Amino acid sequence: MIYAGIDIGSITAKAALIEGTHVLGTHVILTGYNPLNAGIKVFETLLEKVKIPKADVAAIVSTGYGRASIDFADKSLTEIICHGTGAHFMNPEIRGVIDVGGQDSKAIALDKNGQVENFAMNDKCAAGTGRFLEVMANALEIALDQLGDFSLKADKPSKISSICTVFAESEVISMIAGQEKRENIIAGIHESAAARVAILATRISIEKPVMMTGGVAKNKGLVTALGNRLGLNLVVENLAQENGAVGAAVLASKL
Amino acid sequence: MSDTLSDKRKIKCAKKMRDIMTTYYLDAMTAEQNSKQVAWITSGGPVEPLVAMDIIPIYPENHGAMIGASKMGEDLCIKAEDMGYSSDLCSYARSDISCSIVKGGPIGGLPKPDMLICCNNICGTVLKWYEIQARLYNVPLFILDTPVCHTGYSPEIARYVRAQIDEYITFLEKVTKKKFDHDKMNRVGRLAFEGQQLWRKILNTTAHKPSPMSAFDAFFFLALIVTLRGTQVAVDFYKDLLKEMEQRIEDGISMVPNETYRLLWDNLPVWYRLKWLSTKFSDHNACLVADTYTSAWCSALNYIDEDNFIDSMAEAYTRIYLNIGVDQMADQVLDMIKFYDVNGFVMHSNRSCKPYSFGQMNIMKIIREKAGIPVLMIEADMVDPRNFSKSQVETRIDAFMEIVKQRKA
């Protein structure tokens with residue numbers, strides 16, 4: 001039996017198909033203005049990619065901030081349970097998940113069976129989210145996916161003291177004006193974001209091993225900064241960004 | 001069919017209470033014509049001596065709740081900020097202060113006070129808030145200082161607060177130019193005691209499964225035990241409400257259809273989102289059966305001596321929920337979790353109410369460890385909707401309910 005998960009995030013829409021313990025395929029597109037259209041498009045593109053007719057999909061679970069818009073899903077569930085389930089599916093040893101997405105960052109504690117024990121999410125503030133990094137990448141005129149590589153070349157990370165994204169941006173702009181090295185500024189940005197996210201993990205006393213998921217997990221600089229701050233090595237899977245969609249597909253198989 | 005079902009769920013006493021509240025505010029609005037005096041008093045303040053002196057007590061905090069529930073808080077809070085008050089100031093204080101100037105809100109502002117009674121057992125903000133109003137209206141202000149009882153009620157605190165009760169009475173005699181009537185005070189004290197006993201019994205009915213009412217109903221019916229405590233009107237009303245609750249239990253009428261999960265609420269309500277929150281939980285077949293807020297108006301009953309109200313009120317007013325240590329607060333929450341047999345605890349981290357929200361992280365940890373139930377923290381504000389994010393709160397509630405369901409399965 002084949003099951004699908006669709007994760008409509010604030011920036012990207014993800015789809016995943018699973019069969020048994022195998023991920024048949026995943027796909028990621030930008031969400032854009034219409035979450036339902038994004039859901040249809042990402043799902044149908046994935047079906048074409050893996051050459052599976054829609055009729056073969058036994059059940060669909062939607063998740064993410066746009067989960068309620070996906071009217072063709074059998075059920076919608078929150079990102080928290082989907083990321084927890086996805087992480088457990090990828091690696092049953094995992095007891096903690098840190099998911100940093102476009103507008104939310106969250107820490108999730110799992111029990112031995114992969115069930116969510118506890119979670120903490122960022123409050124009404126973009127600090128420590130993907131959006132924060134996006135704003136900074138724009139200010140530094142650098143592609144978002146290059147932030148990680150750049151920061152690994154830093155020799156002395158700059159100190160960003162503002163928590164607020166808008167104030168942090170003006171701090172970064174004045175650093176640019178002061179001709180601080182771009183690599184150092186980026187490393188400073190990662191430290192600042194990591195500090196915000198780490199608070200969530202310590203708030204719920206997360207246990208090892210911890211997996212990092214969400215689009216931001218592709219940023220090596222942030223993963224390193226966060227791991228250092230928490231004093232552990234974060235596990236990052238290839239499908240980190242699609243982890244929520246994979247979890248949704250796993251939950252679809254249990255409907 | 002569904003119409004008659006939801007009609008059946010409606011609490012009949014609600015209309016009666018609206019009528020009583022309307023009469024109460026009309027009396028206060030026309031106090032001057034009837035040669036009566038009006039005192040503004042904090043929600044946790046000792047109202048009984050006012051009732052005994054025929055002074056009409058008015059609660060800016062109850063007014064704040066009305067402003068929030070009628071979704072007029074944002075506008076009034078912005079007006080206060082225009083006047084120079086910080087957006088970090090309590091939204092009850094902000095809306096009350098600006099309302100005094102612009103005469104806005106659902107009832108066009110409160111009747112002018114003849115005196116102000118401020119008790120700091122609920123917070124420290126009220127001190128400055130009442131000083132501001134005392135200057136604005138140029139009326140006398142009485143402050144009752146109740147030290148925080150972190151571990152217990154010491155003899156020093158007892159003496160200190162008891163002495164102030166005498167000063168309070170002297171203050172009232174001076175402002176009203178009337179002698180304090182101790183016999184009447186005893187009668188009022190007994191009615192206050194009886195009213196609180198009835199309120200406790202009403203709140204206790206929700207231990208029944210399914211619950212005949214929810215915390216959202218308690219938030220509404222709370223108004224009388226706050227504003228008309230110590231009167232026959234309140235006692236009579238709560239007798240009727242108790243009867244109705246007992247009848248609902250007998251008839252098997254629940255507030256939430258298919259009540260499957262029972263939850264406990266902490267902190268003040270999110271007044272401008274009551275309907276949305278109640279539907280949100282009810283859609284998950286969850287009923288908020290009790291809360292730490294409305295029970296504060298009967299939690300000090302054990303310290304009251306109904307035959308000696310004046311002497312015992314010092315202790316009763318000092319040892320309320322917001323004026324005790326975090327460990328003791330957590331103990332009360334643990335008792336409630338057991339008594340109401342709940343599956344989860346929902347905490348409102350209230351941007352406005354610092355003393356209520358300050359110890360919440362610790363209480364959360366204690367509850368998780370000792371009760372082992374899921375705990376949710378949502379960030380909001382009681383009156384200012386700018387501190388509420390619907391989609392964020394929605395995801396948190398949905399995720400929390402997923403955990404609650406998983407645990408119960």
# chains A, B, ... in the order shown; residues from 1 in each chain; ligands from 1
>>> select_by_dssp(residues="segment 102-326 of chain B", states="strand (DSSP E or B)", output="VMD selection string")
chain B and resid 115 to 119 141 to 144 149 261 to 266 286 to 291 324
>>> residues_around(residues="Glu244 of chain B", least_positions_apart="4", cutoff="10 Å", atoms="only C-alpha atoms", output="PyMOL selection string")
chain B and resi 11-13+202+212+238-240+248-250
>>> write_last_selection(atoms="C-alpha atoms", output="PDB file, in the first residue's frame")
ATOM      1  CA  ILE B  11     -27.778  27.693  30.702  1.00  0.00           C
ATOM      2  CA  LYS B  12     -31.079  29.306  31.567  1.00  0.00           C
ATOM      3  CA  CYS B  13     -29.742  31.433  34.422  1.00  0.00           C
ATOM      4  CA  ILE B 202     -21.212  25.429  41.510  1.00  0.00           C
ATOM      5  CA  PRO B 212     -22.702  20.407  33.141  1.00  0.00           C
ATOM      6  CA  TYR B 238     -26.146  31.347  42.904  1.00  0.00           C
ATOM      7  CA  LYS B 239     -28.743  29.161  44.648  1.00  0.00           C
ATOM      8  CA  ASP B 240     -30.677  29.124  41.364  1.00  0.00           C
ATOM      9  CA  ARG B 248     -28.371  19.288  34.310  1.00  0.00           C
ATOM     10  CA  ILE B 249     -26.346  16.534  35.962  1.00  0.00           C
ATOM     11  CA  GLU B 250     -29.522  14.615  36.696  1.00  0.00           C
TER      12      GLU B 250
END
>>> interface_residues(of="chain A", to="chain B", cutoff="8 Å", atoms="only C-alpha atoms", output="number ranges by chain")
A: 65, 77-81, 115-118, 123-124
>>> residues_around(residues="segment 108-125 of chain B", least_positions_apart="4", cutoff="7 Å", atoms="only C-alpha atoms", output="PyMOL selection string")
chain B and resi 28-29+37-42+44-45+99-100+103-104+129-130+134+139-146+318+322-323+355
>>> write_last_selection(atoms="C-alpha atoms", output="short mmCIF file (atom, residue, chain, number, x, y, z; two decimals), in the first residue's frame")
data_model
loop_
_atom_site.label_atom_id
_atom_site.label_comp_id
_atom_site.auth_asym_id
_atom_site.auth_seq_id
_atom_site.Cartn_x
_atom_site.Cartn_y
_atom_site.Cartn_z
CA ALA B 28 -24.01 52.83 39.83
CA MET B 29 -24.56 55.22 36.91
CA GLN B 37 -21.42 56.99 46.82
CA VAL B 38 -19.34 54.93 44.43
CA ALA B 39 -16.03 53.27 45.25
CA TRP B 40 -13.75 51.78 42.63
CA ILE B 41 -12.09 48.66 43.99
CA THR B 42 -9.56 46.12 42.74
CA GLY B 44 -9.30 41.02 44.92
CA GLY B 45 -10.12 43.87 47.27
CA CYS B 99 -11.69 55.03 29.03
CA SER B 100 -11.75 57.54 31.88
CA LYS B 103 -15.65 57.75 27.91
CA GLY B 104 -15.55 54.86 25.44
CA TRP B 129 -3.00 52.58 38.26
CA TYR B 130 -5.13 53.69 41.24
CA ALA B 134 -6.99 59.23 42.27
CA VAL B 139 -10.69 61.53 45.25
CA PRO B 140 -9.22 59.80 48.33
CA LEU B 141 -7.38 56.50 47.83
CA PHE B 142 -7.06 53.71 50.39
CA ILE B 143 -4.31 51.15 49.90
CA LEU B 144 -4.47 47.78 51.62
CA ASP B 145 -1.02 46.23 51.52
CA THR B 146 -1.00 42.44 51.67
CA THR B 318 -3.93 37.92 51.95
CA LEU B 322 -1.93 35.17 43.29
CA ASN B 323 -0.40 36.12 46.63
CA PRO B 355 2.04 37.93 38.73
#
>>> closest_residue(among="B:Lys390, B:His208, B:Lys8, B:His63", to="Val226 of chain B", atoms="only C-alpha atoms")
B:His63
>>> closest_residue(among="A:Glu242, A:Glu183, A:Glu93, A:Asp99", to="Phe150 of chain A", atoms="only C-alpha atoms")
A:Glu183
>>> residues_around(residues="segment 65-72 of chain B", least_positions_apart="2", cutoff="9 Å", atoms="only C-alpha atoms", output="PyMOL selection string")
chain B and resi 60-63+74-77+92+95+104-107+269-274+382-385
>>> atom_distance(atom1="atom CA of Gly73 of chain B", atom2="atom CA of Cys90 of chain B")
11.4 Å
>>> closest_residue(among="B:Ile20, B:Ala218, B:Met364, B:Leu334", to="Asp236 of chain B", atoms="only C-alpha atoms")
B:Ile20
>>> atom_distance(atom1="atom CA of Asp217 of chain B", atom2="atom CA of Phe281 of chain B")
13.9 Å
>>> decode(residues="segment 56-87 of chain A", atoms="N, CA and C atoms", output="mmCIF file, in the first residue's frame")
data_model
loop_
_atom_site.group_PDB
_atom_site.id
_atom_site.type_symbol
_atom_site.label_atom_id
_atom_site.label_comp_id
_atom_site.auth_asym_id
_atom_site.auth_seq_id
_atom_site.Cartn_x
_atom_site.Cartn_y
_atom_site.Cartn_z
ATOM 1 N N ASP A 56 -3.548 4.628 -6.838
ATOM 2 C CA ASP A 56 -2.797 3.682 -6.011
ATOM 3 C C ASP A 56 -2.497 4.211 -4.608
ATOM 4 N N VAL A 57 -2.741 5.507 -4.416
ATOM 5 C CA VAL A 57 -2.457 6.088 -3.093
ATOM 6 C C VAL A 57 -3.639 5.798 -2.166
ATOM 7 N N ALA A 58 -3.359 5.049 -1.090
ATOM 8 C CA ALA A 58 -4.443 4.578 -0.221
ATOM 9 C C ALA A 58 -4.987 5.669 0.700
ATOM 10 N N ALA A 59 -4.120 6.555 1.156
ATOM 11 C CA ALA A 59 -4.585 7.622 2.057
ATOM 12 C C ALA A 59 -3.585 8.768 2.059
ATOM 13 N N ILE A 60 -4.106 9.971 2.335
ATOM 14 C CA ILE A 60 -3.269 11.174 2.344
ATOM 15 C C ILE A 60 -3.477 11.916 3.668
ATOM 16 N N VAL A 61 -2.375 12.362 4.263
ATOM 17 C CA VAL A 61 -2.472 13.246 5.434
ATOM 18 C C VAL A 61 -1.794 14.571 5.081
ATOM 19 N N SER A 62 -2.453 15.677 5.400
ATOM 20 C CA SER A 62 -1.847 16.988 5.161
ATOM 21 C C SER A 62 -1.356 17.566 6.483
ATOM 22 N N THR A 63 -0.321 18.407 6.393
ATOM 23 C CA THR A 63 0.218 19.047 7.599
ATOM 24 C C THR A 63 0.782 20.421 7.223
ATOM 25 N N GLY A 64 1.370 21.101 8.189
ATOM 26 C CA GLY A 64 1.916 22.435 7.932
ATOM 27 C C GLY A 64 0.862 23.513 8.149
ATOM 28 N N TYR A 65 1.294 24.762 8.058
ATOM 29 C CA TYR A 65 0.359 25.840 8.375
ATOM 30 C C TYR A 65 -0.832 25.876 7.416
ATOM 31 N N GLY A 66 -0.655 25.339 6.184
ATOM 32 C CA GLY A 66 -1.762 25.331 5.227
ATOM 33 C C GLY A 66 -2.533 24.018 5.207
ATOM 34 N N ARG A 67 -2.379 23.204 6.272
ATOM 35 C CA ARG A 67 -2.951 21.847 6.272
ATOM 36 C C ARG A 67 -4.460 21.807 6.047
ATOM 37 N N ALA A 68 -5.155 22.806 6.583
ATOM 38 C CA ALA A 68 -6.626 22.779 6.485
ATOM 39 C C ALA A 68 -7.101 23.076 5.063
ATOM 40 N N SER A 69 -6.235 23.691 4.240
ATOM 41 C CA SER A 69 -6.632 24.031 2.867
ATOM 42 C C SER A 69 -6.661 22.815 1.951
ATOM 43 N N ILE A 70 -5.959 21.743 2.339
ATOM 44 C CA ILE A 70 -5.849 20.576 1.448
ATOM 45 C C ILE A 70 -7.113 19.736 1.583
ATOM 46 N N ASP A 71 -8.116 20.060 0.777
ATOM 47 C CA ASP A 71 -9.428 19.422 0.957
ATOM 48 C C ASP A 71 -9.468 17.981 0.454
ATOM 49 N N PHE A 72 -8.455 17.561 -0.318
ATOM 50 C CA PHE A 72 -8.470 16.182 -0.808
ATOM 51 C C PHE A 72 -7.720 15.218 0.124
ATOM 52 N N ALA A 73 -7.195 15.748 1.230
ATOM 53 C CA ALA A 73 -6.510 14.886 2.201
ATOM 54 C C ALA A 73 -7.547 14.161 3.059
ATOM 55 N N ASP A 74 -7.194 12.954 3.538
ATOM 56 C CA ASP A 74 -8.120 12.213 4.395
ATOM 57 C C ASP A 74 -8.155 12.781 5.799
ATOM 58 N N LYS A 75 -7.047 13.406 6.208
ATOM 59 C CA LYS A 75 -6.981 13.980 7.551
ATOM 60 C C LYS A 75 -5.890 15.039 7.573
ATOM 61 N N SER A 76 -6.042 16.027 8.434
ATOM 62 C CA SER A 76 -4.936 16.963 8.606
ATOM 63 C C SER A 76 -4.429 16.864 10.039
ATOM 64 N N LEU A 77 -3.114 16.877 10.180
ATOM 65 C CA LEU A 77 -2.492 16.780 11.503
ATOM 66 C C LEU A 77 -1.425 17.864 11.613
ATOM 67 N N THR A 78 -1.034 18.205 12.827
ATOM 68 C CA THR A 78 -0.073 19.305 12.980
ATOM 69 C C THR A 78 1.346 18.869 12.616
ATOM 70 N N GLU A 79 2.181 19.871 12.332
ATOM 71 C CA GLU A 79 3.586 19.625 12.017
ATOM 72 C C GLU A 79 4.299 18.908 13.164
ATOM 73 N N ILE A 80 3.835 19.160 14.372
ATOM 74 C CA ILE A 80 4.548 18.611 15.532
ATOM 75 C C ILE A 80 4.529 17.081 15.506
ATOM 76 N N ILE A 81 3.328 16.539 15.376
ATOM 77 C CA ILE A 81 3.218 15.069 15.371
ATOM 78 C C ILE A 81 3.855 14.499 14.091
ATOM 79 N N CYS A 82 3.747 15.230 12.967
ATOM 80 C CA CYS A 82 4.314 14.729 11.704
ATOM 81 C C CYS A 82 5.841 14.711 11.741
ATOM 82 N N HIS A 83 6.450 15.770 12.265
ATOM 83 C CA HIS A 83 7.907 15.784 12.346
ATOM 84 C C HIS A 83 8.402 14.725 13.327
ATOM 85 N N GLY A 84 7.677 14.555 14.418
ATOM 86 C CA GLY A 84 8.047 13.523 15.395
ATOM 87 C C GLY A 84 7.987 12.145 14.748
ATOM 88 N N THR A 85 6.885 11.883 14.049
ATOM 89 C CA THR A 85 6.699 10.582 13.404
ATOM 90 C C THR A 85 7.722 10.373 12.283
ATOM 91 N N GLY A 86 7.971 11.431 11.519
ATOM 92 C CA GLY A 86 8.943 11.339 10.426
ATOM 93 C C GLY A 86 10.327 11.000 10.948
ATOM 94 N N ALA A 87 10.725 11.674 12.019
ATOM 95 C CA ALA A 87 12.054 11.442 12.595
ATOM 96 C C ALA A 87 12.171 10.007 13.108
#
